[in-house]
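Note: the block below is data29.csv and it holds CSV, N, CA and C atoms and all ligand atoms.
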chain,number,residue,atom,x,y,z
U,88,MET,N,-7.1,107.9,-9.4
U,88,MET,CA,-6.2,108.2,-8.3
U,88,MET,C,-6.9,108.5,-7.0
U,89,LYS,N,-8.1,109.3,-7.1
U,89,LYS,CA,-8.9,109.6,-6.0
U,89,LYS,C,-9.4,108.3,-5.3
U,90,LEU,N,-9.9,107.3,-6.2
U,90,LEU,CA,-10.4,106.1,-5.7
U,90,LEU,C,-9.4,105.3,-4.9
U,91,PHE,N,-8.2,105.3,-5.5
U,91,PHE,CA,-7.0,104.6,-4.8
U,91,PHE,C,-6.8,105.1,-3.4
U,92,ALA,N,-6.8,106.5,-3.3
U,92,ALA,CA,-6.5,107.1,-2.0
U,92,ALA,C,-7.7,106.7,-1.0
U,93,ALA,N,-8.9,106.7,-1.5
U,93,ALA,CA,-10.0,106.3,-0.7
U,93,ALA,C,-9.9,104.9,-0.2
U,94,LEU,N,-9.4,104.0,-1.1
U,94,LEU,CA,-9.2,102.6,-0.7
U,94,LEU,C,-8.2,102.5,0.4
U,95,LEU,N,-7.1,103.2,0.2
U,95,LEU,CA,-6.0,103.2,1.2
U,95,LEU,C,-6.5,103.6,2.6
U,96,ALA,N,-7.3,104.7,2.6
U,96,ALA,CA,-7.8,105.3,3.8
U,96,ALA,C,-8.7,104.2,4.5
U,97,GLY,N,-9.5,103.5,3.7
U,97,GLY,CA,-10.4,102.5,4.2
U,97,GLY,C,-9.7,101.4,4.8
U,98,ALA,N,-8.6,101.0,4.2
U,98,ALA,CA,-7.8,99.9,4.7
U,98,ALA,C,-7.1,100.3,6.0
U,99,ALA,N,-6.7,101.5,6.1
U,99,ALA,CA,-6.0,102.0,7.3
U,99,ALA,C,-7.0,102.0,8.5
U,100,LEU,N,-8.2,102.4,8.2
U,100,LEU,CA,-9.3,102.4,9.2
U,100,LEU,C,-9.6,101.0,9.8
U,101,LEU,N,-9.7,100.0,8.8
U,101,LEU,CA,-9.9,98.6,9.2
U,101,LEU,C,-8.8,98.1,10.1
U,102,LEU,N,-7.6,98.4,9.7
U,102,LEU,CA,-6.4,97.9,10.5
U,102,LEU,C,-6.5,98.5,11.9
U,103,THR,N,-6.8,99.8,12.0
U,103,THR,CA,-6.8,100.4,13.3
U,103,THR,C,-7.9,99.8,14.2
U,104,ALA,N,-9.1,99.5,13.6
U,104,ALA,CA,-10.2,99.0,14.4
U,104,ALA,C,-9.8,97.6,14.9
U,105,CYS,N,-9.2,96.8,14.0
U,105,CYS,CA,-8.8,95.4,14.3
U,105,CYS,C,-7.8,95.4,15.5
U,106,GLY,N,-6.8,96.2,15.4
U,106,GLY,CA,-5.8,96.3,16.5
U,106,GLY,C,-6.3,96.7,17.8
U,107,ALA,N,-7.3,97.6,17.8
U,107,ALA,CA,-7.8,98.1,19.1
U,107,ALA,C,-8.7,97.0,19.8
U,108,SER,N,-9.5,96.3,19.0
U,108,SER,CA,-10.4,95.3,19.6
U,108,SER,C,-9.6,94.0,20.1
U,109,SER,N,-8.6,93.6,19.4
U,109,SER,CA,-7.9,92.4,19.7
U,109,SER,C,-7.0,92.5,21.0
U,110,GLU,N,-6.6,93.8,21.2
U,110,GLU,CA,-5.7,94.0,22.3
U,110,GLU,C,-6.3,93.6,23.7
U,111,ALA,N,-7.6,93.9,23.8
U,111,ALA,CA,-8.2,93.7,25.1
U,111,ALA,C,-8.5,92.2,25.4
U,112,THR,N,-8.8,91.4,24.3
U,112,THR,CA,-9.4,90.1,24.6
U,112,THR,C,-8.5,88.9,24.2
U,113,THR,N,-7.5,89.1,23.4
U,113,THR,CA,-6.7,88.0,22.8
U,113,THR,C,-5.6,87.5,23.8
U,114,TYR,N,-5.7,86.2,24.1
U,114,TYR,CA,-4.6,85.6,24.9
U,114,TYR,C,-3.4,85.5,24.0
U,115,SER,N,-2.2,85.9,24.4
U,115,SER,CA,-1.1,85.9,23.5
U,115,SER,C,-0.1,84.8,23.8
U,116,GLY,N,-0.4,84.0,24.8
U,116,GLY,CA,0.6,82.9,25.2
U,116,GLY,C,0.6,81.8,24.2
U,117,PRO,N,1.4,80.8,24.5
U,117,PRO,CA,1.5,79.6,23.6
U,117,PRO,C,0.3,78.8,23.6
U,118,ALA,N,0.1,77.9,22.6
U,118,ALA,CA,-1.0,77.0,22.6
U,118,ALA,C,-0.8,76.0,23.7
U,119,LYS,N,-1.9,75.5,24.2
U,119,LYS,CA,-1.9,74.4,25.2
U,119,LYS,C,-1.9,73.1,24.4
U,120,GLU,N,-0.9,72.3,24.6
U,120,GLU,CA,-0.8,71.0,23.8
U,120,GLU,C,-1.1,69.9,24.8
U,121,ILE,N,-2.1,69.1,24.5
U,121,ILE,CA,-2.4,68.0,25.4
U,121,ILE,C,-2.4,66.7,24.6
U,122,THR,N,-1.7,65.7,25.1
U,122,THR,CA,-1.6,64.4,24.4
U,122,THR,C,-2.1,63.3,25.3
U,123,VAL,N,-3.0,62.5,24.7
U,123,VAL,CA,-3.7,61.5,25.4
U,123,VAL,C,-3.6,60.2,24.6
U,124,THR,N,-3.3,59.1,25.3
U,124,THR,CA,-3.2,57.8,24.7
U,124,THR,C,-4.2,56.8,25.3
U,125,ILE,N,-4.9,56.0,24.5
U,125,ILE,CA,-5.8,55.0,25.0
U,125,ILE,C,-5.3,53.7,24.6
U,126,ALA,N,-5.1,52.8,25.5
U,126,ALA,CA,-4.7,51.4,25.2
U,126,ALA,C,-5.4,50.5,26.2
U,127,ASN,N,-6.1,49.4,25.6
U,127,ASN,CA,-6.9,48.5,26.5
U,127,ASN,C,-7.8,49.2,27.4
U,128,ARG,N,-8.5,50.2,26.9
U,128,ARG,CA,-9.5,51.0,27.7
U,128,ARG,C,-8.8,51.8,28.8
U,129,THR,N,-7.5,51.9,28.8
U,129,THR,CA,-6.9,52.7,29.9
U,129,THR,C,-6.4,54.0,29.2
U,130,VAL,N,-6.7,55.1,29.9
U,130,VAL,CA,-6.3,56.5,29.4
U,130,VAL,C,-5.0,56.9,30.1
U,131,THR,N,-4.1,57.4,29.3
U,131,THR,CA,-2.8,57.9,29.8
U,131,THR,C,-2.5,59.3,29.3
U,132,PRO,N,-2.2,60.3,30.1
U,132,PRO,CA,-2.2,60.2,31.5
U,132,PRO,C,-3.7,60.0,32.1
U,133,PRO,N,-3.8,59.6,33.3
U,133,PRO,CA,-5.1,59.4,33.9
U,133,PRO,C,-6.0,60.6,33.8
U,134,PRO,N,-7.3,60.5,33.6
U,134,PRO,CA,-8.2,61.6,33.4
U,134,PRO,C,-8.1,62.6,34.5
U,135,GLY,N,-7.9,63.9,34.2
U,135,GLY,CA,-7.8,64.9,35.2
U,135,GLY,C,-8.2,66.2,34.6
U,136,ARG,N,-8.1,67.3,35.4
U,136,ARG,CA,-8.5,68.6,35.0
U,136,ARG,C,-7.3,69.3,34.4
U,137,VAL,N,-7.5,69.9,33.2
U,137,VAL,CA,-6.4,70.7,32.5
U,137,VAL,C,-6.9,72.1,32.5
U,138,GLU,N,-6.1,73.0,33.0
U,138,GLU,CA,-6.5,74.5,33.0
U,138,GLU,C,-5.9,75.2,31.8
U,139,VAL,N,-6.9,76.0,31.2
U,139,VAL,CA,-6.6,76.7,30.0
U,139,VAL,C,-7.1,78.1,30.2
U,140,ALA,N,-6.3,79.1,29.6
U,140,ALA,CA,-6.8,80.5,29.7
U,140,ALA,C,-7.8,80.7,28.6
U,141,LYS,N,-8.8,81.5,28.9
U,141,LYS,CA,-9.8,81.9,27.9
U,141,LYS,C,-9.1,82.6,26.8
U,142,GLY,N,-9.4,82.1,25.5
U,142,GLY,CA,-8.7,82.7,24.4
U,142,GLY,C,-7.5,82.0,23.9
U,143,GLN,N,-7.1,81.0,24.7
U,143,GLN,CA,-5.9,80.2,24.4
U,143,GLN,C,-6.2,79.2,23.4
U,144,GLN,N,-5.2,78.9,22.5
U,144,GLN,CA,-5.4,77.9,21.5
U,144,GLN,C,-5.2,76.5,22.2
U,145,VAL,N,-6.0,75.5,21.9
U,145,VAL,CA,-5.9,74.2,22.5
U,145,VAL,C,-5.7,73.2,21.4
U,146,LYS,N,-4.7,72.3,21.6
U,146,LYS,CA,-4.5,71.2,20.7
U,146,LYS,C,-4.5,69.9,21.4
U,147,ILE,N,-5.5,69.1,21.2
U,147,ILE,CA,-5.6,67.8,22.0
U,147,ILE,C,-5.4,66.7,21.0
U,148,THR,N,-4.3,66.0,21.2
U,148,THR,CA,-3.9,64.9,20.3
U,148,THR,C,-4.2,63.6,21.0
U,149,VAL,N,-5.0,62.8,20.3
U,149,VAL,CA,-5.5,61.5,20.9
U,149,VAL,C,-5.1,60.3,20.0
U,150,THR,N,-4.5,59.3,20.6
U,150,THR,CA,-4.1,58.1,19.9
U,150,THR,C,-4.8,57.0,20.6
U,151,SER,N,-5.6,56.2,19.9
U,151,SER,CA,-6.4,55.1,20.5
U,151,SER,C,-6.0,53.8,19.8
U,152,ASP,N,-6.0,52.7,20.5
U,152,ASP,CA,-5.7,51.4,19.9
U,152,ASP,C,-6.9,50.8,19.2
U,153,VAL,N,-8.0,51.4,19.3
U,153,VAL,CA,-9.2,51.0,18.6
U,153,VAL,C,-9.9,52.1,17.9
U,154,ALA,N,-10.7,51.9,16.8
U,154,ALA,CA,-11.4,52.9,16.1
U,154,ALA,C,-12.4,53.6,17.1
U,155,ASP,N,-12.5,54.9,17.1
U,155,ASP,CA,-13.3,55.6,18.1
U,155,ASP,C,-13.6,57.0,17.6
U,156,GLU,N,-14.2,57.8,18.4
U,156,GLU,CA,-14.4,59.2,18.1
U,156,GLU,C,-14.2,60.0,19.4
U,157,ALA,N,-13.3,61.0,19.3
U,157,ALA,CA,-13.0,61.9,20.5
U,157,ALA,C,-13.9,63.1,20.3
U,158,HIS,N,-14.4,63.6,21.5
U,158,HIS,CA,-15.4,64.7,21.5
U,158,HIS,C,-15.1,65.7,22.6
U,159,VAL,N,-15.1,67.0,22.3
U,159,VAL,CA,-15.0,68.0,23.3
U,159,VAL,C,-16.4,68.6,23.5
U,160,HIS,N,-17.0,68.4,24.6
U,160,HIS,CA,-18.3,68.9,24.9
U,160,HIS,C,-18.3,70.4,25.0
U,161,GLY,N,-19.4,71.1,24.8
U,161,GLY,CA,-19.5,72.5,24.9
U,161,GLY,C,-19.0,73.2,23.6
U,162,TYR,N,-17.8,72.9,23.3
U,162,TYR,CA,-17.2,73.4,22.0
U,162,TYR,C,-17.7,72.5,20.8
U,163,ASP,N,-18.2,71.3,21.2
U,163,ASP,CA,-18.7,70.4,20.2
U,163,ASP,C,-17.7,70.2,19.0
U,164,LYS,N,-16.5,69.9,19.4
U,164,LYS,CA,-15.5,69.5,18.4
U,164,LYS,C,-15.2,68.1,18.5
U,165,SER,N,-15.0,67.4,17.4
U,165,SER,CA,-14.7,66.0,17.5
U,165,SER,C,-13.7,65.6,16.4
U,166,ALA,N,-13.1,64.4,16.6
U,166,ALA,CA,-12.2,63.8,15.6
U,166,ALA,C,-12.4,62.3,15.6
U,167,ALA,N,-12.3,61.8,14.4
U,167,ALA,CA,-12.4,60.4,14.2
U,167,ALA,C,-11.0,59.8,14.5
U,168,LEU,N,-11.0,58.7,15.3
U,168,LEU,CA,-9.8,58.0,15.7
U,168,LEU,C,-9.7,56.7,14.9
U,169,ALA,N,-8.6,56.6,14.2
U,169,ALA,CA,-8.3,55.3,13.5
U,169,ALA,C,-7.2,54.6,14.4
U,170,PRO,N,-7.3,53.3,14.5
U,170,PRO,CA,-6.4,52.6,15.4
U,170,PRO,C,-4.9,52.9,15.2
U,171,GLY,N,-4.3,53.4,16.3
U,171,GLY,CA,-2.9,53.7,16.3
U,171,GLY,C,-2.5,55.0,15.6
U,172,ALA,N,-3.4,55.7,15.0
U,172,ALA,CA,-3.1,57.0,14.3
U,172,ALA,C,-3.5,58.2,15.2
U,173,PRO,N,-2.6,59.1,15.5
U,173,PRO,CA,-2.9,60.2,16.3
U,173,PRO,C,-3.8,61.2,15.5
U,174,ALA,N,-4.8,61.7,16.2
U,174,ALA,CA,-5.7,62.7,15.6
U,174,ALA,C,-5.7,63.9,16.5
U,175,THR,N,-5.7,65.1,16.0
U,175,THR,CA,-5.7,66.3,16.8
U,175,THR,C,-6.9,67.2,16.6
U,176,ILE,N,-7.5,67.6,17.8
U,176,ILE,CA,-8.6,68.5,17.8
U,176,ILE,C,-8.0,69.9,18.2
U,177,ASP,N,-8.1,70.9,17.3
U,177,ASP,CA,-7.4,72.1,17.4
U,177,ASP,C,-8.5,73.2,17.4
U,178,PHE,N,-8.5,74.0,18.5
U,178,PHE,CA,-9.5,75.1,18.6
U,178,PHE,C,-9.1,76.2,19.5
U,179,VAL,N,-9.8,77.3,19.5
U,179,VAL,CA,-9.5,78.4,20.5
U,179,VAL,C,-10.5,78.3,21.6
U,180,ALA,N,-10.1,78.3,22.8
U,180,ALA,CA,-11.0,78.1,24.0
U,180,ALA,C,-11.6,79.5,24.3
U,181,ASP,N,-12.6,79.8,23.6
U,181,ASP,CA,-13.2,81.2,23.7
U,181,ASP,C,-14.4,81.2,24.6
U,182,GLN,N,-14.8,80.1,25.2
U,182,GLN,CA,-15.9,80.2,26.2
U,182,GLN,C,-15.4,79.6,27.5
U,183,ASP,N,-15.7,80.3,28.7
U,183,ASP,CA,-15.2,79.7,29.9
U,183,ASP,C,-16.1,78.7,30.5
U,184,GLY,N,-15.6,77.9,31.3
U,184,GLY,CA,-16.4,76.8,31.9
U,184,GLY,C,-15.6,75.5,32.0
U,185,LEU,N,-16.3,74.4,32.4
U,185,LEU,CA,-15.7,73.1,32.5
U,185,LEU,C,-16.2,72.2,31.5
U,186,PHE,N,-15.4,71.6,30.6
U,186,PHE,CA,-15.8,70.9,29.5
U,186,PHE,C,-15.2,69.5,29.5
U,187,GLU,N,-16.1,68.5,29.3
U,187,GLU,CA,-15.6,67.1,29.3
U,187,GLU,C,-15.1,66.8,27.9
U,188,VAL,N,-14.0,66.0,27.9
U,188,VAL,CA,-13.5,65.5,26.6
U,188,VAL,C,-13.5,64.0,26.8
U,189,GLU,N,-14.2,63.3,25.8
U,189,GLU,CA,-14.4,61.9,26.0
U,189,GLU,C,-14.4,61.2,24.7
U,190,THR,N,-14.5,59.8,24.7
U,190,THR,CA,-14.6,59.1,23.5
U,190,THR,C,-16.1,58.5,23.5
U,191,HIS,N,-16.6,58.4,22.3
U,191,HIS,CA,-18.0,58.0,22.1
U,191,HIS,C,-18.2,56.5,22.0
U,192,GLU,N,-17.3,55.8,21.3
U,192,GLU,CA,-17.5,54.4,21.2
U,192,GLU,C,-17.2,53.7,22.5
U,193,SER,N,-16.1,54.0,23.1
U,193,SER,CA,-15.7,53.3,24.3
U,193,SER,C,-16.2,54.0,25.6
U,194,GLY,N,-16.7,55.2,25.4
U,194,GLY,CA,-17.3,55.9,26.5
U,194,GLY,C,-16.3,56.3,27.7
U,195,LEU,N,-15.1,56.6,27.3
U,195,LEU,CA,-14.1,56.9,28.3
U,195,LEU,C,-14.0,58.4,28.5
U,196,GLN,N,-13.8,58.9,29.7
U,196,GLN,CA,-13.4,60.3,29.9
U,196,GLN,C,-11.9,60.4,29.7
U,197,LEU,N,-11.5,61.4,28.9
U,197,LEU,CA,-10.1,61.6,28.6
U,197,LEU,C,-9.6,62.7,29.5
U,198,LEU,N,-10.3,63.8,29.7
U,198,LEU,CA,-9.9,64.9,30.6
U,198,LEU,C,-11.1,65.8,30.7
U,199,GLN,N,-10.9,66.8,31.6
U,199,GLN,CA,-11.8,67.9,31.8
U,199,GLN,C,-11.0,69.2,31.5
U,200,LEU,N,-11.6,70.0,30.6
U,200,LEU,CA,-10.9,71.2,30.2
U,200,LEU,C,-11.5,72.4,31.1
U,201,ALA,N,-10.7,73.0,31.9
U,201,ALA,CA,-11.2,74.1,32.7
U,201,ALA,C,-10.7,75.4,32.1
U,202,VAL,N,-11.7,76.1,31.5
U,202,VAL,CA,-11.3,77.4,30.8
U,202,VAL,C,-11.7,78.6,31.7
U,203,GLN,N,-10.7,79.4,32.0
U,203,GLN,CA,-10.9,80.5,32.9
U,203,GLN,C,-10.4,81.8,32.3
U,204,ASP,N,-11.0,82.9,32.7
U,204,ASP,CA,-10.5,84.2,32.3
U,204,ASP,C,-9.2,84.5,32.8
U,301,CU,CU,-19.5,63.6,23.6

Would you mind writing the file's structure down as structure tokens?
Ligand SMILES: [Cu+2]
Amino acid sequence: MKLFAALLAGAALLLTACGASSEATTYSGPAKEITVTIANRTVTPPPGRVEVAKGQQVKITVTSDVADEAHVHGYDKSAALAPGAPATIDFVADQDGLFEVETHESGLQLLQLAVQD
């Protein structure tokens, strides 16, 4: 019984600590969903800057008409692209800065991710 009470107290402490630290830093808005299509080496929408809040979840969905690899620089996240099949790179933008998103086989720039506090 004593052990059980100690475990409960420990769990309560952990919960308190967790709540306190996440309040200051966690972005609570919706995920940023970005959709890019590549056909005949043309990127749609045309490559541009996409603004994201630091801490925001980002989902980049890429569909290419040829096999390729999409890559988010800085975060170093990538996804293999099969012809005509959408692939999603899903991550939390926890570092600020300007990051290129590109394809490796075709060498196209898809967008620039601008992550700001
Ligand atoms: Cu790259």

Within 8 Å of ligand CU 301 (chain U): each chain U residue with its shortest pair, only N, CA and C atoms and all ligand atoms, as JSON lines:
{"residue": "U:Glu156", "atom": "C", "partner": "U:CU301", "partner_atom": "CU", "distance": 7.7}
{"residue": "U:Ala157", "atom": "C", "partner": "U:CU301", "partner_atom": "CU", "distance": 6.5}
{"residue": "U:His158", "atom": "CA", "partner": "U:CU301", "partner_atom": "CU", "distance": 4.7}
{"residue": "U:Val159", "atom": "N", "partner": "U:CU301", "partner_atom": "CU", "distance": 5.7}
{"residue": "U:His160", "atom": "N", "partner": "U:CU301", "partner_atom": "CU", "distance": 5.5}
{"residue": "U:Gly161", "atom": "N", "partner": "U:CU301", "partner_atom": "CU", "distance": 7.6}
{"residue": "U:Asp163", "atom": "CA", "partner": "U:CU301", "partner_atom": "CU", "distance": 7.6}
{"residue": "U:Glu187", "atom": "C", "partner": "U:CU301", "partner_atom": "CU", "distance": 6.9}
{"residue": "U:Val188", "atom": "C", "partner": "U:CU301", "partner_atom": "CU", "distance": 6.8}
{"residue": "U:Glu189", "atom": "C", "partner": "U:CU301", "partner_atom": "CU", "distance": 5.7}
{"residue": "U:Thr190", "atom": "C", "partner": "U:CU301", "partner_atom": "CU", "distance": 6.1}
{"residue": "U:His191", "atom": "CA", "partner": "U:CU301", "partner_atom": "CU", "distance": 6.0}

Q) Which of these, U:Pro117, U:Gly194, U:Gly184, U:Pro170, has the shortest distance to U:Asp152 once you count all atoms listed in the file? A) U:Pro170

Q: Grab the atom CA of U:Asp155 to atom CA of U:Gln203 distance for me, in Å with one decimal place.
A: 29.1 Å

Q: Give the answer as one residue: which of U:Gln182, U:Thr150, U:Gln143, U:Gln199 has the shortest atom-to-atom distance to U:Ala126, using only N, CA and C atoms?
A: U:Thr150

Q) U:Ile125, U:Val139, U:Val179, U:Ala167: which is nearest U:Leu200, counting only C-alpha atoms? A)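 Closest to U:Leu200 of all the choices is U:Val139.
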
(Q) Restricting the calculation to only C-alpha atoms: of U:Lys164, U:Tyr114, U:Glu138, U:Thr122, which residue gets closest to U:Asp181? (A)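 Checking each candidate against U:Asp181, we get U:Tyr114 as the closest.
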
Q: From a DSSP pass on the backbone, collect the residues of stretch 111-193 of chain U flagged as strand (DSSP E) and hand them back as a PyMOL selection string.
A: chain U and resi 119-126+129-131+136-140+144-151+155-159+164-168+174-179+184-190

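When atom N of U:Asn127 is paired with atom C of U:Leu185, their separation reads 25.6 Å.
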
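Atom pair atom CA of U:Asp204 / atom CA of U:Ala166: separated by 26.4 Å.
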
Q | Nearest residue to U:Thr124 from the set U:Val202, U:Ala169, U:Leu197, U:Ile176 (distances using only C-alpha atoms) | A |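 Ranking U:Val202, U:Ala169, U:Leu197, U:Ile176 by distance to U:Thr124, first place goes to U:Leu197.
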
Q. Restricting the calculation to only N, CA and C atoms, which member of U:Val123, U:Val130, U:Val145, U:Ala154 is positioned closest to U:Ser193?
A.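 Closest residue, counting only N, CA and C atoms: U:Ala154.
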